[in-house]
Protein chains: 2
Amino acid sequence: MLARLSLNQYTTKQWSLREAVEGCARHGIPYIGLWRDKVDEIGVEATAKLVRDAGLKVSSLCRGGFFPAHSAAERRARIDDSRDAIEEAAQLGAPVLVLVCGPPVDKDLAAARRMIADAIAALIPEAAAYNVRLGIEPLHPMMVMQRSAICTLREANDLAESFATDSVGVVVDVYHVWWDAELYEQIARAGKNILGFHVSDWIEPLGDPLASRGLPGEGAIDLPRIRNAVDAAGYDGPIEVEVLNPAVWARPGDEVLADVKSRALAHL
Amino acid sequence: MLARLSLNQYTTKQWSLREAVEGCARHGIPYIGLWRDKVDEIGVEATAKLVRDAGLKVSSLCRGGFFPAHSAAERRARIDDSRDAIEEAAQLGAPVLVLVCGPPVDKDLAAARRMIADAIAALIPEAAAYNVRLGIEPLHPMMVMQRSAICTLREANDLAESFATDSVGVVVDVYHVWWDAELYEQIARAGKNILGFHVSDWIEPLGDPLASRGLPGEGAIDLPRIRNAVDAAGYDGPIEVEVLNPAVWARPGDEVLADVKSRALAHL
């Protein structure tokens with residue numbers, strides 16, 4: 001397990017990019033999942049060097065997306081931003097750019113889903129040229145108006161398959177999809193299209209939908225079963241622990257990393 | 001629209017049963033959706049008489065369900081409670097008992113879904129005898145640990161169809177299912193199995209998942225499109241406005257009812 005462990009750096013949002021990289025090196029966590037706002041602290045080039053010098057690998061870059069918008073000009077601007085993100089991912093050595101596809105505008109979910117499909121299609125040449133894969137992450141339906149009109153793994157699979165290219169796949173994040181009666185069927189279907197596997201846990205009561213995640217083993221999700229299904233589908237890449245939670249952010253980062261490691265061993 | 005309008009009485013939770021019945025009569029709302037805890041205020045017989053004397057019809061009774069439990073004895077007790085609810089629905093003249101199927105135990109969603117299917121199967125003879133239909137209501141996936149392991153209309157349709165009896169169908173509540181990319185396909189599929197249609201709206205920010213609902217027209221849901229789809233599927237029964245929200249409960253009930261009526265006309 002530890003050989004595949006990745007710290008999604010928003011699990012230690014309290015840390016700077018440099019602190020997170022040094023923390024992973026110190027704790028023997030081989031991968032790190034980066035976020036663009038954190039990379040901006042020191043820039044892409046300096047981040048790439050820092051990560052390389054620390055002996056780490058980048059599991060993914062978060063994020064491209066937020067494609068639906070009222071005007072064509074605004075939609076082009078969103079696509080351009082994701083194009084920048086693809087280049088950044090390539091420079092950082094991140095094999096995958098996570099796509100948080102964006103909420104609908106004007107109550108029209110069908111239109112939002114078409115805009116998302118169009119935007120991803122427009123990005124495929126760039127992704128292929130830079131050898132960065134686009135990972136469509138379905139987000140929990142409670143976040144449809146905040147973050148993504150793509151709410152289920154079935155939907156993400158439908159969308160990814162529609163492009164029929166290795167450049168587009170899906171990211172399975174347990175927090176978003178664990179409740180789904182079709183989960184195991186859709187994981188098996190995703191197969192080689194699975195570009196990332198993110199873990200946390202579901203804890204109650206629910207607070208802010210984005211940042212109410214538990215550490216692995218704290219909550220209701222049958223993590224071993226899902227991990228086995230993702231493995232059986234053929235995914236053998238990094239497993240990112242991504243726990244967005246103010247209570248975790250209030251703890252010393254080193255304590256969080258020790259906890260992440262022991263929980264990954266015990267619950268995944 | 002007004003001829004099909006029903007006040008789910010939890011929209012005016014601040015009112016007693018008697019106040020809600022009198023309010024509906026005063027405002028010319030022909031149907032009321034009852035909750036068992038409110039009925040308990042004066043009992044089933046007195047409620048039935050009160051509703052009848054006011055010239056109202058009952059659209060549904062909420063609720064049976066909460067079927068998954070650790071022990072067989074406890075599961076039997078839950079089924080017995082729903083059996084009581086079927087009898088109460090019959091006495092009240094409610095054609096439908098809404099099923100909130102219940103959350104999983106021990107992280108096992110698949111087992112919970114089996115327990116739910118077994119419980120509904122056990123209730124069908126009673127439902128048929130009393131001429132009360134069981135309406136499986138899929139609840140929003142954010143409530144899976146609080147209220148129901150049945151999270152999508154596809155799942156509810158699968159389950160309802162598995163019994164192949166008129167005694168079991170589904171309830172479409174926009175708050176729970178509006179985000180689903182398969183919504184219109186699953187509404188069409190449900191067809192004559194649609195036993196109820198509940199409306200509210202999705203407003204942000206999300207607070208308590210159960211009670212963060214907006215009045216029709218306040219939020220993000222394309223209500224006319226969903227209503228048209230439900231009509232086109234063949235449903236011509238009452239349309240229940242069910243808005244659980246502390247801000248609504250803090251308002252004078254008469255003001256809420258006037259608002260419900262004008263919004264039903266404008267947004268449904």
# chains A, B, ... in the order shown; residues from 1 in each chain; ligands from 1
$ select_by_dssp --residues "range 158-224 of chain B" --states "helix (DSSP H, G or I)" --output "number ranges by chain"
B: 158-163, 174-177, 183-193, 223-224
$ closest_atom_pairs --of "chain B" --to "chain A" --cutoff "6 Å" --atoms "only C-alpha atoms" --output "tab-separated table"
residue	atom	partner	partner_atom	distance
B:Lys107	CA	A:Ala220	CA	5.4
B:Ala220	CA	A:Lys107	CA	5.4
B:Ile221	CA	A:Lys107	CA	6.0
B:Asp222	CA	A:Lys107	CA	5.6
$ residues_around --residues "Val170 in chain A" --least-positions-apart "3" --cutoff "12 Å" --atoms "only C-alpha atoms" --output "count of residues only"
41
$ residues_around --residues "Ala94 in chain A" --least-positions-apart "5" --cutoff "6 Å" --atoms "only C-alpha atoms" --output "ChimeraX atom specification"
/A:58-60,89
$ write_last_selection --atoms "N, CA and C atoms" --output "PDB file, in the first residue's frame"
ATOM      1  N   VAL A  58       4.520  12.997  -8.920  1.00  0.00           N
ATOM      2  CA  VAL A  58       3.230  13.694  -8.860  1.00  0.00           C
ATOM      3  C   VAL A  58       2.144  12.744  -9.358  1.00  0.00           C
ATOM      4  N   SER A  59       1.106  12.554  -8.547  1.00  0.00           N
ATOM      5  CA  SER A  59       0.031  11.643  -8.972  1.00  0.00           C
ATOM      6  C   SER A  59      -0.973  12.340  -9.887  1.00  0.00           C
ATOM      7  N   SER A  60      -1.273  13.599  -9.594  1.00  0.00           N
ATOM      8  CA  SER A  60      -2.242  14.335 -10.415  1.00  0.00           C
ATOM      9  C   SER A  60      -2.131  15.823 -10.133  1.00  0.00           C
ATOM     10  N   ALA A  89       0.534  20.605 -15.943  1.00  0.00           N
ATOM     11  CA  ALA A  89       0.624  19.201 -15.528  1.00  0.00           C
ATOM     12  C   ALA A  89       1.826  18.532 -16.180  1.00  0.00           C
TER      13      ALA A  89
END
$ closest_residue --among "B:Thr12, B:Ala46, B:Glu88, B:Arg4" --to "Asp259 in chain B" --atoms "only C-alpha atoms"
B:Thr12
$ select_by_dssp --residues "range 6-253 of chain B" --states "strand (DSSP E or B)" --output "PyMOL selection string"
chain B and resi 6-8+31-35+57-65+96-100+102+133-136+148+168-173+194-199+201-202+213-214+239-241
$ write_last_selection --atoms "N, CA and C atoms" --output "compact mmCIF listing (two decimals), in the first residue's frame"
# COMPACT_ATOMS: atom_id res chain seq x y z
N SER B 6 -51.56 19.77 -3.46
CA SER B 6 -51.60 19.20 -2.11
C SER B 6 -50.58 19.91 -1.23
N LEU B 7 -51.00 20.19 -0.01
CA LEU B 7 -50.04 20.69 0.97
C LEU B 7 -49.49 19.51 1.75
N ASN B 8 -48.21 19.22 1.57
CA ASN B 8 -47.60 18.28 2.50
C ASN B 8 -47.50 19.01 3.83
N TYR B 31 -56.02 18.98 -1.49
CA TYR B 31 -55.39 17.78 -0.92
C TYR B 31 -54.45 18.15 0.23
N ILE B 32 -54.24 17.18 1.12
CA ILE B 32 -53.23 17.33 2.16
C ILE B 32 -52.42 16.03 2.25
N GLY B 33 -51.10 16.17 2.39
CA GLY B 33 -50.22 15.03 2.63
C GLY B 33 -49.93 14.96 4.12
N LEU B 34 -50.27 13.84 4.74
CA LEU B 34 -50.19 13.74 6.20
C LEU B 34 -48.91 13.03 6.66
N TRP B 35 -48.47 13.37 7.87
CA TRP B 35 -47.36 12.67 8.52
C TRP B 35 -47.88 11.99 9.78
N LYS B 57 -59.10 15.88 0.52
CA LYS B 57 -58.67 14.52 0.23
C LYS B 57 -57.22 14.38 0.71
N VAL B 58 -56.86 13.16 1.09
CA VAL B 58 -55.49 12.90 1.53
C VAL B 58 -54.69 12.39 0.34
N SER B 59 -53.55 13.05 0.06
CA SER B 59 -52.74 12.61 -1.09
C SER B 59 -51.83 11.45 -0.73
N SER B 60 -51.29 11.46 0.48
CA SER B 60 -50.38 10.38 0.90
C SER B 60 -50.19 10.43 2.41
N LEU B 61 -49.69 9.33 2.92
CA LEU B 61 -49.27 9.30 4.33
C LEU B 61 -47.77 9.04 4.36
N CYS B 62 -47.08 9.83 5.18
CA CYS B 62 -45.64 9.69 5.35
C CYS B 62 -45.41 9.22 6.78
N ARG B 63 -44.86 8.11 7.02
CA ARG B 63 -44.17 7.20 6.17
C ARG B 63 -44.06 5.82 6.77
N GLY B 64 -43.80 4.84 5.91
CA GLY B 64 -43.30 3.54 6.33
C GLY B 64 -41.83 3.47 5.97
N GLY B 65 -41.19 2.37 6.38
CA GLY B 65 -39.81 2.19 5.95
C GLY B 65 -38.82 1.97 7.08
N VAL B 96 -51.77 6.22 -0.89
CA VAL B 96 -50.34 5.89 -0.98
C VAL B 96 -49.67 6.04 0.38
N LEU B 97 -48.86 5.03 0.73
CA LEU B 97 -47.96 5.16 1.87
C LEU B 97 -46.55 5.39 1.32
N VAL B 98 -45.97 6.53 1.70
CA VAL B 98 -44.61 6.84 1.25
C VAL B 98 -43.62 6.00 2.04
N LEU B 99 -42.71 5.34 1.31
CA LEU B 99 -41.66 4.55 1.96
C LEU B 99 -40.33 5.30 1.93
N VAL B 100 -39.83 5.63 3.10
CA VAL B 100 -38.46 6.11 3.26
C VAL B 100 -37.69 4.89 3.74
N GLY B 102 -34.76 3.64 4.55
CA GLY B 102 -33.84 3.47 5.67
C GLY B 102 -32.39 3.33 5.25
N ARG B 133 -51.28 1.77 -1.82
CA ARG B 133 -50.09 1.48 -2.62
C ARG B 133 -48.84 1.98 -1.90
N LEU B 134 -47.77 1.23 -2.06
CA LEU B 134 -46.51 1.56 -1.40
C LEU B 134 -45.64 2.34 -2.38
N GLY B 135 -45.29 3.57 -2.01
CA GLY B 135 -44.51 4.42 -2.89
C GLY B 135 -43.06 4.51 -2.43
N ILE B 136 -42.18 3.85 -3.19
CA ILE B 136 -40.76 3.89 -2.85
C ILE B 136 -40.22 5.26 -3.27
N SER B 148 -32.04 6.78 3.67
CA SER B 148 -32.40 5.77 2.67
C SER B 148 -31.22 5.30 1.83
N VAL B 168 -47.03 -1.69 -5.54
CA VAL B 168 -45.75 -1.00 -5.29
C VAL B 168 -45.40 -0.10 -6.47
N GLY B 169 -45.03 1.12 -6.17
CA GLY B 169 -44.60 2.05 -7.19
C GLY B 169 -43.54 2.99 -6.64
N VAL B 170 -43.41 4.15 -7.25
CA VAL B 170 -42.37 5.09 -6.83
C VAL B 170 -42.97 6.47 -6.59
N VAL B 171 -42.28 7.25 -5.76
CA VAL B 171 -42.65 8.64 -5.56
C VAL B 171 -41.50 9.50 -6.08
N VAL B 172 -41.83 10.44 -6.92
CA VAL B 172 -40.82 11.34 -7.51
C VAL B 172 -40.83 12.65 -6.72
N ASP B 173 -39.75 12.90 -5.99
CA ASP B 173 -39.60 14.16 -5.26
C ASP B 173 -38.43 14.90 -5.89
N ILE B 194 -45.70 5.70 -11.13
CA ILE B 194 -45.54 6.95 -10.35
C ILE B 194 -46.76 7.13 -9.46
N LEU B 195 -46.53 7.09 -8.17
CA LEU B 195 -47.64 7.17 -7.20
C LEU B 195 -47.71 8.52 -6.51
N GLY B 196 -46.73 9.36 -6.73
CA GLY B 196 -46.75 10.67 -6.10
C GLY B 196 -45.71 11.57 -6.72
N PHE B 197 -45.95 12.87 -6.64
CA PHE B 197 -45.02 13.85 -7.19
C PHE B 197 -44.89 14.97 -6.16
N HIS B 198 -43.68 15.12 -5.63
CA HIS B 198 -43.43 16.10 -4.57
C HIS B 198 -42.54 17.21 -5.10
N VAL B 199 -42.89 18.43 -4.78
CA VAL B 199 -42.10 19.55 -5.30
C VAL B 199 -41.62 20.48 -4.19
N ASP B 201 -37.68 23.13 -4.00
CA ASP B 201 -36.62 23.64 -4.87
C ASP B 201 -35.27 23.46 -4.19
N TRP B 202 -34.21 23.61 -4.98
CA TRP B 202 -32.85 23.44 -4.46
C TRP B 202 -32.23 24.81 -4.28
N ARG B 213 -34.76 22.87 1.93
CA ARG B 213 -35.52 22.97 0.69
C ARG B 213 -36.10 24.38 0.50
N GLY B 214 -36.13 24.79 -0.74
CA GLY B 214 -36.74 26.07 -1.07
C GLY B 214 -38.17 25.89 -1.52
N ILE B 239 -50.24 16.92 -6.72
CA ILE B 239 -48.87 17.43 -6.69
C ILE B 239 -48.65 18.04 -5.31
N GLU B 240 -47.79 17.37 -4.54
CA GLU B 240 -47.58 17.78 -3.15
C GLU B 240 -46.44 18.79 -3.04
N VAL B 241 -46.72 19.92 -2.46
CA VAL B 241 -45.64 20.85 -2.14
C VAL B 241 -45.10 20.47 -0.76
$ closest_residue --among "A:Arg225, A:Arg251, A:His70, A:His27" --to "Ala112 in chain A" --atoms "only C-alpha atoms"
A:His70
$ atom_distance --atom1 "CA of Pro103 in chain B" --atom2 "CA of Ala69 in chain B"
8.9 Å
$ atom_distance --atom1 "CA of Gln9 in chain A" --atom2 "CA of Ile116 in chain A"
26.2 Å
$ atom_distance --atom1 "CA of Lys49 in chain B" --atom2 "CA of Lys13 in chain B"
20.7 Å
